[in-house]
Every structure is written in structure tokens, then in C-alpha cells.
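So this one's query_10.pdb, PDB, N, CA and C atoms:
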ATOM      1  N   MET A 113       0.850  -1.178   0.000
ATOM      2  CA  MET A 113       0.000   0.000   0.000
ATOM      3  C   MET A 113       0.895   1.241   0.000
ATOM      4  N   THR A 114       0.990   1.892  -1.117
ATOM      5  CA  THR A 114       1.899   3.025  -1.270
ATOM      6  C   THR A 114       1.532   4.185  -0.362
ATOM      7  N   GLU A 115       0.253   4.434  -0.177
ATOM      8  CA  GLU A 115      -0.162   5.563   0.641
ATOM      9  C   GLU A 115       0.356   5.426   2.073
ATOM     10  N   THR A 116       0.229   4.237   2.637
ATOM     11  CA  THR A 116       0.692   4.009   4.005
ATOM     12  C   THR A 116       2.204   4.123   4.078
ATOM     13  N   THR A 117       2.890   3.519   3.122
ATOM     14  CA  THR A 117       4.352   3.579   3.104
ATOM     15  C   THR A 117       4.831   5.025   3.038
ATOM     16  N   GLY A 118       4.231   5.814   2.184
ATOM     17  CA  GLY A 118       4.609   7.223   2.063
ATOM     18  C   GLY A 118       4.331   8.004   3.330
ATOM     19  N   ALA A 119       3.197   7.724   3.970
ATOM     20  CA  ALA A 119       2.858   8.420   5.218
ATOM     21  C   ALA A 119       3.850   8.064   6.318
ATOM     22  N   VAL A 120       4.207   6.789   6.407
ATOM     23  CA  VAL A 120       5.171   6.356   7.426
ATOM     24  C   VAL A 120       6.535   6.988   7.161
ATOM     25  N   GLU A 121       6.950   7.040   5.905
ATOM     26  CA  GLU A 121       8.236   7.667   5.574
ATOM     27  C   GLU A 121       8.245   9.144   5.960
ATOM     28  N   LEU A 122       7.146   9.837   5.729
ATOM     29  CA  LEU A 122       7.048  11.248   6.117
ATOM     30  C   LEU A 122       7.179  11.397   7.631
ATOM     31  N   VAL A 123       6.473  10.574   8.380
ATOM     32  CA  VAL A 123       6.536  10.657   9.841
ATOM     33  C   VAL A 123       7.932  10.285  10.337
ATOM     34  N   GLU A 124       8.589   9.317   9.697
ATOM     35  CA  GLU A 124       9.961   8.965  10.082
ATOM     36  C   GLU A 124      10.901  10.150   9.884
ATOM     37  N   ARG A 125      10.737  10.864   8.771
ATOM     38  CA  ARG A 125      11.583  12.047   8.535
ATOM     39  C   ARG A 125      11.321  13.120   9.589
ATOM     40  N   LEU A 126      10.051  13.337   9.914
ATOM     41  CA  LEU A 126       9.715  14.307  10.971
ATOM     42  C   LEU A 126      10.311  13.877  12.306
ATOM     43  N   ARG A 127      10.159  12.590  12.639
ATOM     44  CA  ARG A 127      10.701  12.070  13.898
ATOM     45  C   ARG A 127      12.209  12.279  13.963
ATOM     46  N   ASP A 128      12.918  11.941  12.879
ATOM     47  CA  ASP A 128      14.371  12.082  12.857
ATOM     48  C   ASP A 128      14.796  13.540  12.973
ATOM     49  N   THR A 129      14.064  14.442  12.322
ATOM     50  CA  THR A 129      14.374  15.873  12.401
ATOM     51  C   THR A 129      14.174  16.386  13.821
ATOM     52  N   ILE A 130      13.067  16.011  14.432
ATOM     53  CA  ILE A 130      12.784  16.444  15.806
ATOM     54  C   ILE A 130      13.809  15.862  16.772
ATOM     55  N   ALA A 131      14.175  14.598  16.591
ATOM     56  CA  ALA A 131      15.137  13.951  17.486
ATOM     57  C   ALA A 131      16.517  14.604  17.407
ATOM     58  N   ALA A 132      16.842  15.172  16.261
ATOM     59  CA  ALA A 132      18.150  15.804  16.082
ATOM     60  C   ALA A 132      18.231  17.191  16.708
ATOM     61  N   MET A 133      17.090  17.763  17.073
ATOM     62  CA  MET A 133      17.067  19.110  17.647
ATOM     63  C   MET A 133      17.101  19.044  19.167
ATOM     64  N   PRO A 134      18.053  19.726  19.792
ATOM     65  CA  PRO A 134      18.019  19.765  21.256
ATOM     66  C   PRO A 134      16.865  20.644  21.737
ATOM     67  N   ALA A 135      16.208  20.200  22.767
ATOM     68  CA  ALA A 135      15.120  20.978  23.370
ATOM     69  C   ALA A 135      15.653  21.583  24.659
ATOM     70  N   MET A 136      15.530  22.884  24.795
ATOM     71  CA  MET A 136      16.034  23.554  25.991
ATOM     72  C   MET A 136      15.028  23.405  27.134
ATOM     73  N   VAL A 137      15.540  22.985  28.274
ATOM     74  CA  VAL A 137      14.722  22.791  29.468
ATOM     75  C   VAL A 137      14.813  24.055  30.322
ATOM     76  N   ALA A 138      13.891  24.232  31.247
ATOM     77  CA  ALA A 138      13.823  25.447  32.067
ATOM     78  C   ALA A 138      15.131  25.747  32.798
ATOM     79  N   ASP A 139      15.867  24.702  33.194
ATOM     80  CA  ASP A 139      17.119  24.945  33.923
ATOM     81  C   ASP A 139      18.285  25.269  32.996
ATOM     82  N   GLY A 140      18.015  25.374  31.698
ATOM     83  CA  GLY A 140      19.045  25.737  30.738
ATOM     84  C   GLY A 140      19.744  24.553  30.090
ATOM     85  N   SER A 141      19.462  23.349  30.557
ATOM     86  CA  SER A 141      20.091  22.176  29.961
ATOM     87  C   SER A 141      19.342  21.761  28.695
ATOM     88  N   ALA A 142      20.007  20.960  27.901
ATOM     89  CA  ALA A 142      19.395  20.472  26.665
ATOM     90  C   ALA A 142      18.894  19.048  26.874
ATOM     91  N   SER A 143      17.807  18.750  26.238
ATOM     92  CA  SER A 143      17.220  17.418  26.315
ATOM     93  C   SER A 143      16.809  16.999  24.911
ATOM     94  N   ARG A 144      16.430  15.773  24.754
ATOM     95  CA  ARG A 144      15.949  15.278  23.463
ATOM     96  C   ARG A 144      14.470  14.948  23.574
ATOM     97  N   VAL A 145      13.778  15.060  22.475
ATOM     98  CA  VAL A 145      12.352  14.766  22.428
ATOM     99  C   VAL A 145      12.156  13.493  21.611
ATOM    100  N   ALA A 146      11.382  12.574  22.156
ATOM    101  CA  ALA A 146      11.057  11.341  21.440
ATOM    102  C   ALA A 146       9.667  11.483  20.825
ATOM    103  N   VAL A 147       9.469  10.851  19.701
ATOM    104  CA  VAL A 147       8.202  10.961  18.983
ATOM    105  C   VAL A 147       7.574   9.581  18.819
ATOM    106  N   ARG A 148       6.317   9.512  19.164
ATOM    107  CA  ARG A 148       5.493   8.348  18.840
ATOM    108  C   ARG A 148       4.387   8.859  17.939
ATOM    109  N   ALA A 149       4.006   8.041  16.967
ATOM    110  CA  ALA A 149       2.974   8.498  16.034
ATOM    111  C   ALA A 149       2.072   7.352  15.621
ATOM    112  N   GLY A 150       0.836   7.713  15.343
ATOM    113  CA  GLY A 150      -0.129   6.779  14.781
ATOM    114  C   GLY A 150      -0.491   7.248  13.386
ATOM    115  N   VAL A 151      -0.487   6.320  12.438
ATOM    116  CA  VAL A 151      -0.748   6.656  11.041
ATOM    117  C   VAL A 151      -1.954   5.866  10.546
ATOM    118  N   ALA A 152      -2.847   6.544   9.884
ATOM    119  CA  ALA A 152      -3.982   5.892   9.230
ATOM    120  C   ALA A 152      -4.149   6.509   7.852
ATOM    121  N   THR A 153      -4.411   5.680   6.886
ATOM    122  CA  THR A 153      -4.635   6.154   5.524
ATOM    123  C   THR A 153      -5.917   5.526   4.980
ATOM    124  N   VAL A 154      -6.407   6.085   3.911
ATOM    125  CA  VAL A 154      -7.607   5.564   3.269
ATOM    126  C   VAL A 154      -7.227   5.085   1.876
ATOM    127  N   GLY A 155      -7.447   3.809   1.638
ATOM    128  CA  GLY A 155      -7.189   3.243   0.318
ATOM    129  C   GLY A 155      -8.467   3.214  -0.501
ATOM    130  N   GLY A 156      -8.357   2.761  -1.730
ATOM    131  CA  GLY A 156      -9.495   2.723  -2.635
ATOM    132  C   GLY A 156     -10.652   1.879  -2.140
ATOM    133  N   SER A 157     -10.366   0.808  -1.397
ATOM    134  CA  SER A 157     -11.434  -0.075  -0.925
ATOM    135  C   SER A 157     -12.065   0.424   0.366
ATOM    136  N   GLU A 158     -11.581   1.531   0.896
ATOM    137  CA  GLU A 158     -12.078   2.021   2.178
ATOM    138  C   GLU A 158     -12.847   3.329   2.037
ATOM    139  N   LEU A 159     -13.487   3.514   0.934
ATOM    140  CA  LEU A 159     -14.194   4.764   0.696
ATOM    141  C   LEU A 159     -15.454   4.896   1.534
ATOM    142  N   GLU A 160     -15.741   3.877   2.362
ATOM    143  CA  GLU A 160     -16.927   3.950   3.206
ATOM    144  C   GLU A 160     -16.744   4.886   4.399
ATOM    145  N   LEU A 161     -15.545   5.387   4.607
ATOM    146  CA  LEU A 161     -15.337   6.322   5.705
ATOM    147  C   LEU A 161     -16.250   7.525   5.500
ATOM    148  N   ARG A 162     -17.003   7.846   6.518
ATOM    149  CA  ARG A 162     -18.002   8.912   6.391
ATOM    150  C   ARG A 162     -17.372  10.287   6.232
ATOM    151  N   ASP A 163     -16.350  10.537   7.018
ATOM    152  CA  ASP A 163     -15.696  11.840   6.962
ATOM    153  C   ASP A 163     -14.316  11.716   7.602
ATOM    154  N   GLY A 164     -13.659  12.817   7.802
ATOM    155  CA  GLY A 164     -12.330  12.805   8.389
ATOM    156  C   GLY A 164     -12.285  12.293   9.814
ATOM    157  N   THR A 165     -13.422  12.309  10.492
ATOM    158  CA  THR A 165     -13.464  11.844  11.878
ATOM    159  C   THR A 165     -13.054  10.382  11.976
ATOM    160  N   ASP A 166     -13.538   9.552  11.062
ATOM    161  CA  ASP A 166     -13.173   8.134  11.074
ATOM    162  C   ASP A 166     -11.667   7.952  10.894
ATOM    163  N   LEU A 167     -11.084   8.726  10.013
ATOM    164  CA  LEU A 167      -9.649   8.647   9.774
ATOM    165  C   LEU A 167      -8.874   9.075  11.018
ATOM    166  N   LEU A 168      -9.319  10.149  11.672
ATOM    167  CA  LEU A 168      -8.667  10.601  12.905
ATOM    168  C   LEU A 168      -8.800   9.567  14.018
ATOM    169  N   LEU A 169      -9.944   8.911  14.104
ATOM    170  CA  LEU A 169     -10.121   7.864  15.117
ATOM    171  C   LEU A 169      -9.165   6.702  14.870
ATOM    172  N   ARG A 170      -8.968   6.338  13.620
ATOM    173  CA  ARG A 170      -8.025   5.262  13.297
ATOM    174  C   ARG A 170      -6.593   5.670  13.641
ATOM    175  N   ALA A 171      -6.225   6.889  13.316
ATOM    176  CA  ALA A 171      -4.878   7.368  13.647
ATOM    177  C   ALA A 171      -4.691   7.431  15.157
ATOM    178  N   SER A 172      -5.720   7.843  15.877
ATOM    179  CA  SER A 172      -5.664   7.900  17.338
ATOM    180  C   SER A 172      -5.497   6.505  17.934
ATOM    181  N   THR A 173      -6.185   5.531  17.372
ATOM    182  CA  THR A 173      -6.043   4.147  17.831
ATOM    183  C   THR A 173      -4.619   3.655  17.595
ATOM    184  N   ALA A 174      -4.058   3.958  16.432
ATOM    185  CA  ALA A 174      -2.680   3.566  16.135
ATOM    186  C   ALA A 174      -1.703   4.249  17.087
ATOM    187  N   LEU A 175      -1.960   5.500  17.440
ATOM    188  CA  LEU A 175      -1.109   6.216  18.392
ATOM    189  C   LEU A 175      -1.192   5.582  19.774
ATOM    190  N   ARG A 176      -2.398   5.251  20.226
ATOM    191  CA  ARG A 176      -2.537   4.589  21.531
ATOM    192  C   ARG A 176      -1.793   3.258  21.544
ATOM    193  N   PHE A 177      -1.816   2.537  20.424
ATOM    194  CA  PHE A 177      -1.085   1.278  20.323
ATOM    195  C   PHE A 177       0.419   1.538  20.393
ATOM    196  N   ALA A 178       0.893   2.579  19.721
ATOM    197  CA  ALA A 178       2.317   2.935  19.781
ATOM    198  C   ALA A 178       2.712   3.293  21.207
ATOM    199  N   GLN A 179       1.862   4.031  21.904
ATOM    200  CA  GLN A 179       2.153   4.411  23.289
ATOM    201  C   GLN A 179       2.175   3.193  24.201
ATOM    202  N   SER A 180       1.309   2.232  23.959
ATOM    203  CA  SER A 180       1.245   1.049  24.818
ATOM    204  C   SER A 180       2.462   0.155  24.639
ATOM    205  N   SER A 181       3.144   0.274  23.510
ATOM    206  CA  SER A 181       4.322  -0.559  23.269
ATOM    207  C   SER A 181       5.549  -0.032  24.005
ATOM    208  N   ARG A 182       5.447   1.171  24.548
ATOM    209  CA  ARG A 182       6.514   1.799  25.336
ATOM    210  C   ARG A 182       7.838   1.921  24.575
ATOM    211  N   THR A 183       7.750   2.040  23.284
ATOM    212  CA  THR A 183       8.938   2.293  22.480
ATOM    213  C   THR A 183       8.697   3.564  21.679
ATOM    214  N   THR A 184       9.771   4.173  21.260
ATOM    215  CA  THR A 184       9.619   5.305  20.361
ATOM    216  C   THR A 184       9.353   4.711  19.001
ATOM    217  N   GLY A 185       8.182   4.928  18.506
ATOM    218  CA  GLY A 185       7.889   4.297  17.236
ATOM    219  C   GLY A 185       6.687   4.863  16.535
ATOM    220  N   ILE A 186       6.502   4.340  15.360
ATOM    221  CA  ILE A 186       5.395   4.725  14.504
ATOM    222  C   ILE A 186       4.585   3.463  14.255
ATOM    223  N   ARG A 187       3.305   3.551  14.477
ATOM    224  CA  ARG A 187       2.431   2.410  14.229
ATOM    225  C   ARG A 187       1.331   2.843  13.269
ATOM    226  N   THR A 188       0.974   1.942  12.386
ATOM    227  CA  THR A 188      -0.137   2.207  11.484
ATOM    228  C   THR A 188      -1.385   1.533  12.037
ATOM    229  N   TYR A 189      -2.515   1.954  11.554
ATOM    230  CA  TYR A 189      -3.771   1.340  11.983
ATOM    231  C   TYR A 189      -3.772  -0.144  11.640
ATOM    232  N   ASP A 190      -3.128  -0.504  10.540
ATOM    233  CA  ASP A 190      -3.047  -1.912  10.139
ATOM    234  C   ASP A 190      -2.206  -2.740  11.105
ATOM    235  N   ASP A 191      -1.313  -2.102  11.883
ATOM    236  CA  ASP A 191      -0.494  -2.808  12.877
ATOM    237  C   ASP A 191      -1.294  -3.190  14.119
ATOM    238  N   VAL A 192      -2.396  -2.515  14.347
ATOM    239  CA  VAL A 192      -3.158  -2.673  15.591
ATOM    240  C   VAL A 192      -3.916  -3.999  15.562
ATOM    241  N   PRO A 193      -3.656  -4.877  16.553
ATOM    242  CA  PRO A 193      -4.399  -6.136  16.583
ATOM    243  C   PRO A 193      -5.868  -5.895  16.923
ATOM    244  N   ALA A 194      -6.720  -6.749  16.418
ATOM    245  CA  ALA A 194      -8.165  -6.601  16.656
ATOM    246  C   ALA A 194      -8.493  -6.627  18.143
ATOM    247  N   THR A 195      -7.688  -7.319  18.933
ATOM    248  CA  THR A 195      -7.945  -7.388  20.374
ATOM    249  C   THR A 195      -7.647  -6.073  21.073
ATOM    250  N   PHE A 196      -6.850  -5.203  20.445
ATOM    251  CA  PHE A 196      -6.511  -3.913  21.052
ATOM    252  C   PHE A 196      -7.640  -2.910  20.883
ATOM    253  N   VAL A 197      -8.307  -2.964  19.756
ATOM    254  CA  VAL A 197      -9.358  -2.007  19.418
ATOM    255  C   VAL A 197     -10.528  -2.279  20.285
TER     256      VAL A 197
END
Structure rendered as C-alpha cells:
Amino acid sequence: MTETTGAVELVERLRDTIAAMPAMVADGSASRVAVRAGVATVGGSELELRDGTDLLLRASTALRFAQSSRTTGIRTYDDVPATFV
């Protein structure tokens, strides 16, 4: 699925860019920011989505799955097991 692959590649580039930037903390020290992301895309067979809300709900579910894995990572809606939803 090219759409998903492209979306994940975009988020990976954003994650890498953010990770390379030091974040200044209140005490003046530098820290790093980790990124977790959930990705959802709509393919040709999924045109039944009513509106953008369904897509956002899928991305939110993928993000919750990424957060539950306790790793810095990117998860797609397709990665989410049916038992998680």
C-alpha cells in the first residue's frame, strides 16, 4: 500500500528531524524529544469512511497502540491487533 508507506516515511523524517534538535529545558540544559505516532490512511477499498473523523479515530487508535508498546515508534492502523481495538 503506497499511501501508508509514504505516510510512514514522512513521519519517520519528521521524527528524525525532531530527534536531532536539542530541546532547551527550564534549567538551561538540553534534552531530546522522542516521537510516537499513529498513522492511518484511506485506500481505494475504504471509501466507506463517512468523513475525516473516522480517519482521525483510526490514527488515534494507532497512536494509543504505539504508546502502549513503550517504544519510540510509529504504528499504522493496520499494525493494531483486533484485540486492542
If we count all atoms listed in the file, what is near Arg170 (chain A) at a cut-off of 7 Å, once residues fewer than 2 positions away on the same chain are taken out, given as a list of chain:residue names? A:Gly150, A:Val151, A:Ala152, A:Thr165, A:Asp166, A:Leu167, A:Leu168, A:Ser172, A:Thr173, A:Ala174, A:Leu175, A:Thr188, A:Tyr189
Let me know the residues the PyMOL selection byres ((chain A and resi 177) around 8) catches in the file above, as a list in words. Ala149, Gly150, Ala171, Ser172, Thr173, Ala174, Leu175, Arg176, Ala178, Gln179, Ser180, Ser181, Arg182, Thr183, Ile186, Arg187, Asp191, Val192, Pro193 and Phe196 of chain A
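This file, filtered with the PyMOL selection byres ((chain A and resi 147) around 8), gives the residues Leu126, Arg127, Asp128, Ile130, Ala131, Arg144, Val145, Ala146, Arg148, Ala149, Gly150, Thr183, Thr184, Gly185 and Ile186 of chain A.
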I'd like to know which residues of chain A are strand (DSSP E) (by DSSP, run on the backbone); could you write them as number ranges by chain? A: 135-136, 142-143, 149-151, 186-188
Residues just named, written with N, CA and C atoms as a PDB file, in the frame of the given file:
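Wrote out.pdb, looks like this:
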ATOM      1  N   ALA A 135      16.208  20.200  22.767  1.00  0.00           N
ATOM      2  CA  ALA A 135      15.120  20.978  23.370  1.00  0.00           C
ATOM      3  C   ALA A 135      15.653  21.583  24.659  1.00  0.00           C
ATOM      4  N   MET A 136      15.530  22.884  24.795  1.00  0.00           N
ATOM      5  CA  MET A 136      16.034  23.554  25.991  1.00  0.00           C
ATOM      6  C   MET A 136      15.028  23.405  27.134  1.00  0.00           C
ATOM      7  N   ALA A 142      20.007  20.960  27.901  1.00  0.00           N
ATOM      8  CA  ALA A 142      19.395  20.472  26.665  1.00  0.00           C
ATOM      9  C   ALA A 142      18.894  19.048  26.874  1.00  0.00           C
ATOM     10  N   SER A 143      17.807  18.750  26.238  1.00  0.00           N
ATOM     11  CA  SER A 143      17.220  17.418  26.315  1.00  0.00           C
ATOM     12  C   SER A 143      16.809  16.999  24.911  1.00  0.00           C
ATOM     13  N   ALA A 149       4.006   8.041  16.967  1.00  0.00           N
ATOM     14  CA  ALA A 149       2.974   8.498  16.034  1.00  0.00           C
ATOM     15  C   ALA A 149       2.072   7.352  15.621  1.00  0.00           C
ATOM     16  N   GLY A 150       0.836   7.713  15.343  1.00  0.00           N
ATOM     17  CA  GLY A 150      -0.129   6.779  14.781  1.00  0.00           C
ATOM     18  C   GLY A 150      -0.491   7.248  13.386  1.00  0.00           C
ATOM     19  N   VAL A 151      -0.487   6.320  12.438  1.00  0.00           N
ATOM     20  CA  VAL A 151      -0.748   6.656  11.041  1.00  0.00           C
ATOM     21  C   VAL A 151      -1.954   5.866  10.546  1.00  0.00           C
ATOM     22  N   ILE A 186       6.502   4.340  15.360  1.00  0.00           N
ATOM     23  CA  ILE A 186       5.395   4.725  14.504  1.00  0.00           C
ATOM     24  C   ILE A 186       4.585   3.463  14.255  1.00  0.00           C
ATOM     25  N   ARG A 187       3.305   3.551  14.477  1.00  0.00           N
ATOM     26  CA  ARG A 187       2.431   2.410  14.229  1.00  0.00           C
ATOM     27  C   ARG A 187       1.331   2.843  13.269  1.00  0.00           C
ATOM     28  N   THR A 188       0.974   1.942  12.386  1.00  0.00           N
ATOM     29  CA  THR A 188      -0.137   2.207  11.484  1.00  0.00           C
ATOM     30  C   THR A 188      -1.385   1.533  12.037  1.00  0.00           C
TER      31      THR A 188
END
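When atom N of Gly118 (chain A) is paired with atom C of Asp190 (chain A), their separation reads 13.9 Å.
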